[in-house]
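A short write-up of the structure that comes next.
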Amino acid sequence: MRLALERGFFFPSAEIYPSAPGGFWEYGHLGVLLKNKYIQAWLREFVRRDEMVLIDGSQILPKDVFVASGHLESFADPVAVCQKCGSMVRVDRLLEEVTGQRVPERTPVQEIEGMIRSLEVKCPVCGGHLGGVSLFNMMFKVHIGGAGEEAYLRPETCQSIFIDFPRLHKISRRKLPLAFAQLGKSFRNEIAPRQSLVRLREFYQAEVEVFFNPATANQFEKAFEIRDYPLRISDEGSLRTLRCEEAVSQGILSSWLVAYYLSLAQRFYLSLGVPSEKLRLRRLEDDEKAFYAIEAWDLEVDTSIGWMELVACNNRGSYDLSGHAKVSGTDLDVRENDGRITPHVFELSMGVDRSLLALMDLSFGMEGERAVLRLHPALAPYSLAVFPLVDRPDLVAKARDVFERLRLDFDVFYDESGSIGRRYRRQDEIGTPFCATIDYQTLKDDTLTLRERDTMKQTRVAVDSLKNVLSEKLLL
Ligand SMILES: [Zn+2]
């Protein structure tokens, strides 16, 4: 967190105002570069690899959308207001802290109220008495135009994909299964935002919604290539590695289609440098699934603050299209070979902000005095730093020349201030994988020293070949 704040990866919004609410964070320059690279990797490993169709929908949507989606009724957390200080407390979380036991997602309000009374749980802020428990809807309500028509900031990006489905499907001129992808912001009025980028009120999601015919979810040609891919499955408390084929044939996964998309998600994080022993696909219990899910897997990564959910993988069945068809009165069915069906949806809903936090957390380490962020080179905010060995006019001129040749094609940082050792350290700390130093030999033979962050190994590279060498090293 100190690194993030001091070097400006991310920091709290409106921090000069003491009244600023929690749960809103800004990305600084390094954070934006990191996020953009993460998105590039996502586009490569999901959208291009699977030939997905992109969309970018509105963040404000009319009330009816959330009547149909069920969010108006069911997207709520149990809360109680302190009778003494007036704080609103999310009581399921509070009970979990007090008892050390999980309080399932949809525990009835009366039951929670009973637990608070019998355990004599008090306000965590002031120790005051907690009032009755009610459900607090987590959507931000907004009012549109002069008439103040009721609308909401979307709590998940995917609703646009569902309501646009008939048009998107028609434009694509493709048959099911068909995957749509969207990157964008979502908004949740969390009672207790926490741990910086883990639980935000405004956040980025990268979502994939796969529409499929449930009757043919096992006739899925693409799955052939992942038959032997080892999935790290955590089910009923035990973690094991199962080949996709085993997971499907043993009925642990509902279909080949699900196996294929889970393998895409797992492969994505492994390719970004998450060690496989720190990743698991955890099956959610019935009482912790989202209200629309019939099968749910969380891709989780083990960080310094515990297992963190990075991707929610939900089989939403026909819940969404049926709901929107009913409320909007529009036919959302699809004609498949010999009849009409309401497609089912399998989703990979990725939290972008918390993925970045997890990747930074897993990459960061102290090696003696040296702080190093061992990000995958493809993710590092700066791909290269260019230095003159010392501040001497001919070396500076040559270093500027090398920098100029690269800076439009790569994120390159130029630095000539301070000792060379200090300049290396400052790059190590923000994850720059390579530093190119222009020294006296450069002036003689046009080669430079390329120093690698992780090994600190130095090699001589011809200035002319630097672009190619770098391009190769930055591949995912
Ligand atoms: Zn209180």
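Labels for the structure tokens follow display order: chains A, B, ..., residues from 1 in each chain, ligands from 1.
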
Grab me every residue within 12 Å of ligand 1, counting only C-alpha atoms and all ligand atoms, and send it over as an MDAnalysis selection string. chainID A and resid 80:89 121:131

Any chance you could export the current selection's N, CA and C atoms as a JSON list (two decimals), in the first residue's frame?
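File written: part.json
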```json
[["chain", "number", "residue", "atom", "x", "y", "z"],
["A", 80, "ALA", "N", -28.01, -2.85, 10.12],
["A", 80, "ALA", "CA", -28.69, -2.33, 11.30],
["A", 80, "ALA", "C", -28.08, -0.97, 11.60],
["A", 81, "VAL", "N", -28.91, -0.09, 12.15],
["A", 81, "VAL", "CA", -28.42, 1.26, 12.48],
["A", 81, "VAL", "C", -28.19, 1.33, 13.98],
["A", 82, "CYS", "N", -27.02, 1.89, 14.37],
["A", 82, "CYS", "CA", -26.69, 2.03, 15.78],
["A", 82, "CYS", "C", -27.59, 3.11, 16.40],
["A", 83, "GLN", "N", -28.20, 2.77, 17.52],
["A", 83, "GLN", "CA", -29.15, 3.69, 18.15],
["A", 83, "GLN", "C", -28.45, 4.86, 18.82],
["A", 84, "LYS", "N", -27.14, 4.70, 19.03],
["A", 84, "LYS", "CA", -26.41, 5.74, 19.75],
["A", 84, "LYS", "C", -25.69, 6.69, 18.78],
["A", 85, "CYS", "N", -24.88, 6.12, 17.84],
["A", 85, "CYS", "CA", -24.07, 7.01, 16.97],
["A", 85, "CYS", "C", -24.63, 7.12, 15.56],
["A", 86, "GLY", "N", -25.63, 6.31, 15.23],
["A", 86, "GLY", "CA", -26.26, 6.42, 13.92],
["A", 86, "GLY", "C", -25.52, 5.72, 12.79],
["A", 87, "SER", "N", -24.40, 5.02, 13.07],
["A", 87, "SER", "CA", -23.68, 4.30, 12.02],
["A", 87, "SER", "C", -24.53, 3.18, 11.45],
["A", 88, "MET", "N", -24.44, 3.01, 10.12],
["A", 88, "MET", "CA", -25.10, 1.85, 9.52],
["A", 88, "MET", "C", -24.08, 0.72, 9.45],
["A", 89, "VAL", "N", -24.45, -0.42, 9.97],
["A", 89, "VAL", "CA", -23.50, -1.53, 10.08],
["A", 89, "VAL", "C", -23.99, -2.70, 9.24],
["A", 121, "VAL", "N", -24.39, -8.56, 20.31],
["A", 121, "VAL", "CA", -23.44, -7.85, 19.45],
["A", 121, "VAL", "C", -23.75, -6.36, 19.45],
["A", 122, "LYS", "N", -22.68, -5.56, 19.66],
["A", 122, "LYS", "CA", -22.86, -4.10, 19.75],
["A", 122, "LYS", "C", -22.25, -3.40, 18.54],
["A", 123, "CYS", "N", -22.54, -2.11, 18.42],
["A", 123, "CYS", "CA", -21.98, -1.28, 17.35],
["A", 123, "CYS", "C", -20.46, -1.30, 17.39],
["A", 124, "PRO", "N", -19.81, -1.63, 16.27],
["A", 124, "PRO", "CA", -18.34, -1.71, 16.27],
["A", 124, "PRO", "C", -17.69, -0.32, 16.38],
["A", 125, "VAL", "N", -18.46, 0.73, 16.13],
["A", 125, "VAL", "CA", -17.90, 2.09, 16.20],
["A", 125, "VAL", "C", -17.90, 2.62, 17.63],
["A", 126, "CYS", "N", -19.07, 2.51, 18.31],
["A", 126, "CYS", "CA", -19.19, 3.17, 19.61],
["A", 126, "CYS", "C", -19.62, 2.22, 20.72],
["A", 127, "GLY", "N", -19.93, 0.99, 20.40],
["A", 127, "GLY", "CA", -20.38, 0.06, 21.43],
["A", 127, "GLY", "C", -21.85, 0.20, 21.78],
["A", 128, "GLY", "N", -22.56, 1.04, 21.02],
["A", 128, "GLY", "CA", -23.99, 1.27, 21.28],
["A", 128, "GLY", "C", -24.87, 0.11, 20.86],
["A", 129, "HIS", "N", -26.15, 0.24, 21.19],
["A", 129, "HIS", "CA", -27.13, -0.80, 20.90],
["A", 129, "HIS", "C", -27.54, -0.74, 19.42],
["A", 130, "LEU", "N", -27.61, -1.91, 18.77],
["A", 130, "LEU", "CA", -27.99, -1.94, 17.36],
["A", 130, "LEU", "C", -29.50, -2.10, 17.21],
["A", 131, "GLY", "N", -30.09, -1.31, 16.31],
["A", 131, "GLY", "CA", -31.53, -1.40, 16.06],
["A", 131, "GLY", "C", -31.89, -2.61, 15.20]]
```

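Within region 99-150 of chain A, the backbone-based DSSP assignment of helix (DSSP H, G or I) covers Thr99, Val109, Gln110, Glu111, Ile112, Glu113, Gly114, Met115, Ile116, Arg117, Ser118 and Leu119 of chain A.
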
Applying 12 Å and only C-alpha atoms, which residues near Ser471 (chain A) remain after dropping the ones on its own chain fewer than 3 positions away? List them as a ChimeraX atom specification. /A:377-378,383-384,406,409-411,434,465-468,474-476

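Look at Met350 (chain A): the protein and nucleic acid residues within 7 Å of it, using only C-alpha atoms and passing over chain neighbours fewer than 5 places away, are Gln205, Ala206, Glu207, Leu310, Val311 and Ala312 of chain A.
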
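Checking A:Ala247, A:Leu34, A:Met138, A:Ile341 one by one against Pro214 (chain A), counting only C-alpha atoms, you find the shortest gap at A:Ile341.
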
Contacts of His29 (chain A) at 12 Å or less, counting only C-alpha atoms, minus same-chain residues fewer than 2 places along, as a PyMOL selection string? chain A and resi 4-5+7-11+26-27+31-36+381-382+411+430

Output all heavy atoms for every residue in the selection just made, as a compact mmCIF listing (two decimals), in the first residue's frame.
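Saved file again.txt follows:
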```
# COMPACT_ATOMS: atom_id res chain seq x y z
N ALA A 4 2.13 1.76 -3.46
CA ALA A 4 1.06 2.23 -4.32
C ALA A 4 0.80 3.72 -4.12
O ALA A 4 0.63 4.47 -5.09
CB ALA A 4 -0.22 1.44 -4.05
N LEU A 5 0.81 4.15 -2.86
CA LEU A 5 0.53 5.55 -2.57
C LEU A 5 1.71 6.45 -2.93
O LEU A 5 1.55 7.48 -3.57
CB LEU A 5 0.20 5.72 -1.08
CG LEU A 5 -1.11 5.08 -0.61
CD1 LEU A 5 -1.20 5.09 0.90
CD2 LEU A 5 -2.32 5.80 -1.21
N ARG A 7 4.27 5.93 -4.99
CA ARG A 7 4.63 6.01 -6.41
C ARG A 7 3.41 6.31 -7.28
O ARG A 7 3.52 6.38 -8.49
CB ARG A 7 5.33 4.72 -6.86
CG ARG A 7 6.60 4.37 -6.08
CD ARG A 7 7.69 5.45 -6.15
NE ARG A 7 8.14 5.76 -7.50
CZ ARG A 7 9.16 5.16 -8.13
NH1 ARG A 7 9.85 4.23 -7.52
NH2 ARG A 7 9.48 5.49 -9.36
N GLY A 8 2.24 6.42 -6.65
CA GLY A 8 1.06 6.86 -7.39
C GLY A 8 0.43 5.80 -8.28
O GLY A 8 -0.15 6.11 -9.30
N PHE A 9 0.51 4.52 -7.88
CA PHE A 9 -0.27 3.50 -8.61
C PHE A 9 -1.75 3.78 -8.41
O PHE A 9 -2.52 3.82 -9.34
CB PHE A 9 0.07 2.09 -8.13
CG PHE A 9 1.33 1.52 -8.72
CD1 PHE A 9 2.55 1.75 -8.12
CD2 PHE A 9 1.27 0.73 -9.85
CE1 PHE A 9 3.72 1.21 -8.67
CE2 PHE A 9 2.42 0.19 -10.41
CZ PHE A 9 3.65 0.43 -9.80
N PHE A 10 -2.14 3.92 -7.14
CA PHE A 10 -3.53 4.29 -6.84
C PHE A 10 -3.57 4.98 -5.49
O PHE A 10 -2.67 4.84 -4.67
CB PHE A 10 -4.47 3.09 -6.89
CG PHE A 10 -4.03 1.92 -6.06
CD1 PHE A 10 -4.35 1.84 -4.71
CD2 PHE A 10 -3.32 0.86 -6.62
CE1 PHE A 10 -3.96 0.76 -3.94
CE2 PHE A 10 -2.91 -0.23 -5.86
CZ PHE A 10 -3.24 -0.29 -4.51
N PHE A 11 -4.63 5.77 -5.28
CA PHE A 11 -4.77 6.54 -4.04
C PHE A 11 -6.24 6.92 -3.88
O PHE A 11 -7.00 6.88 -4.85
CB PHE A 11 -3.86 7.77 -4.07
CG PHE A 11 -3.88 8.53 -5.37
CD1 PHE A 11 -4.80 9.55 -5.58
CD2 PHE A 11 -2.99 8.22 -6.40
CE1 PHE A 11 -4.83 10.25 -6.77
CE2 PHE A 11 -3.02 8.92 -7.61
CZ PHE A 11 -3.95 9.93 -7.80
N GLU A 26 -8.52 6.42 -7.08
CA GLU A 26 -8.05 6.87 -8.39
C GLU A 26 -6.81 6.07 -8.77
O GLU A 26 -6.04 5.67 -7.90
CB GLU A 26 -7.61 8.34 -8.36
CG GLU A 26 -8.30 9.22 -7.36
CD GLU A 26 -9.49 9.96 -7.94
OE1 GLU A 26 -10.53 9.28 -8.13
OE2 GLU A 26 -9.39 11.17 -8.19
N TYR A 27 -6.60 5.93 -10.07
CA TYR A 27 -5.33 5.39 -10.55
C TYR A 27 -4.45 6.55 -10.99
O TYR A 27 -4.90 7.43 -11.72
CB TYR A 27 -5.55 4.47 -11.75
CG TYR A 27 -6.16 3.15 -11.38
CD1 TYR A 27 -7.51 2.90 -11.62
CD2 TYR A 27 -5.39 2.17 -10.78
CE1 TYR A 27 -8.08 1.68 -11.26
CE2 TYR A 27 -5.95 0.96 -10.42
CZ TYR A 27 -7.30 0.72 -10.66
OH TYR A 27 -7.84 -0.47 -10.32
N GLY A 31 -0.47 3.31 -12.30
CA GLY A 31 -1.64 2.43 -12.18
C GLY A 31 -2.40 2.32 -13.49
O GLY A 31 -2.86 1.25 -13.86
N VAL A 32 -2.52 3.45 -14.19
CA VAL A 32 -3.24 3.42 -15.47
C VAL A 32 -2.46 2.58 -16.48
O VAL A 32 -3.04 1.77 -17.21
CB VAL A 32 -3.47 4.85 -16.02
CG1 VAL A 32 -4.12 4.80 -17.40
CG2 VAL A 32 -4.35 5.65 -15.06
N LEU A 33 -1.14 2.75 -16.49
CA LEU A 33 -0.33 1.95 -17.43
C LEU A 33 -0.50 0.46 -17.12
O LEU A 33 -0.68 -0.37 -18.02
CB LEU A 33 1.15 2.34 -17.34
CG LEU A 33 1.52 3.75 -17.85
CD1 LEU A 33 3.01 4.00 -17.65
CD2 LEU A 33 1.17 3.91 -19.33
N LEU A 34 -0.44 0.11 -15.83
CA LEU A 34 -0.62 -1.28 -15.42
C LEU A 34 -2.00 -1.80 -15.83
O LEU A 34 -2.13 -2.89 -16.39
CB LEU A 34 -0.42 -1.41 -13.90
CG LEU A 34 -0.79 -2.72 -13.23
CD1 LEU A 34 0.07 -3.87 -13.76
CD2 LEU A 34 -0.62 -2.61 -11.70
N LYS A 35 -3.02 -1.00 -15.55
CA LYS A 35 -4.38 -1.42 -15.88
C LYS A 35 -4.54 -1.61 -17.39
O LYS A 35 -5.13 -2.59 -17.84
CB LYS A 35 -5.39 -0.39 -15.36
CG LYS A 35 -6.83 -0.69 -15.73
CD LYS A 35 -7.82 0.11 -14.90
CE LYS A 35 -7.79 1.59 -15.20
NZ LYS A 35 -8.29 1.92 -16.56
N ASN A 36 -4.02 -0.66 -18.15
CA ASN A 36 -4.13 -0.79 -19.61
C ASN A 36 -3.48 -2.07 -20.11
O ASN A 36 -3.99 -2.73 -21.01
CB ASN A 36 -3.49 0.41 -20.31
CG ASN A 36 -4.34 1.66 -20.16
OD1 ASN A 36 -5.49 1.59 -19.71
ND2 ASN A 36 -3.78 2.81 -20.50
N PRO A 381 4.26 -1.34 -15.80
CA PRO A 381 3.88 -0.01 -16.31
C PRO A 381 4.88 0.50 -17.35
O PRO A 381 4.49 0.87 -18.45
CB PRO A 381 3.89 0.86 -15.05
CG PRO A 381 3.60 -0.08 -13.93
CD PRO A 381 4.25 -1.38 -14.32
N TYR A 382 6.15 0.51 -16.99
CA TYR A 382 7.18 0.85 -17.97
C TYR A 382 7.86 -0.44 -18.40
O TYR A 382 8.25 -1.26 -17.58
CB TYR A 382 8.23 1.78 -17.37
CG TYR A 382 7.73 3.20 -17.18
CD1 TYR A 382 7.52 3.71 -15.90
CD2 TYR A 382 7.45 4.00 -18.28
CE1 TYR A 382 7.04 5.02 -15.73
CE2 TYR A 382 6.98 5.29 -18.12
CZ TYR A 382 6.78 5.79 -16.84
OH TYR A 382 6.31 7.06 -16.68
N ASP A 411 6.25 1.89 -23.51
CA ASP A 411 6.29 2.79 -22.36
C ASP A 411 7.71 2.78 -21.83
O ASP A 411 8.14 1.81 -21.21
CB ASP A 411 5.28 2.34 -21.30
CG ASP A 411 3.85 2.56 -21.78
OD1 ASP A 411 3.52 3.71 -22.10
OD2 ASP A 411 3.09 1.58 -21.87
N ILE A 430 9.03 -0.24 -9.11
CA ILE A 430 7.77 -0.09 -9.86
C ILE A 430 7.63 -1.16 -10.95
O ILE A 430 6.71 -1.12 -11.75
CB ILE A 430 7.63 1.31 -10.49
CG1 ILE A 430 8.77 1.63 -11.45
CG2 ILE A 430 7.54 2.38 -9.39
CD1 ILE A 430 8.54 2.87 -12.29
```

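Among the candidate residues A:Val103, A:Trp297, A:Asp302, A:Leu448, the one lying nearest to Asp235 (chain A) is A:Trp297, with distances computed using only C-alpha atoms.
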
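Near Ser318 (chain A), within 7 Å and counting only C-alpha atoms, sit Thr342, Pro343, His344 and Val345 of chain A, not including residues fewer than 6 positions from it in the same chain.
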
File dump, residues just selected, N, CA and C atoms, as a compact mmCIF listing (two decimals), in the first residue's frame:
```
# COMPACT_ATOMS: atom_id res chain seq x y z
N THR A 342 -34.59 -20.60 -25.22
CA THR A 342 -34.07 -19.45 -24.49
C THR A 342 -32.64 -19.82 -24.11
N PRO A 343 -31.65 -19.11 -24.65
CA PRO A 343 -30.27 -19.50 -24.37
C PRO A 343 -29.95 -19.40 -22.88
N HIS A 344 -29.04 -20.26 -22.44
CA HIS A 344 -28.49 -20.15 -21.09
C HIS A 344 -27.22 -19.32 -21.17
N VAL A 345 -26.78 -18.83 -20.02
CA VAL A 345 -25.59 -17.98 -19.99
C VAL A 345 -24.58 -18.49 -18.97
```

Do you know which residues are at most 12 Å from Arg370 (chain A) counting only C-alpha atoms, after dropping those on the same chain fewer than 4 positions away, and could you put them as an NGL selection string? :A and (364-366 or 374 or 421-431 or 453-454 or 456)
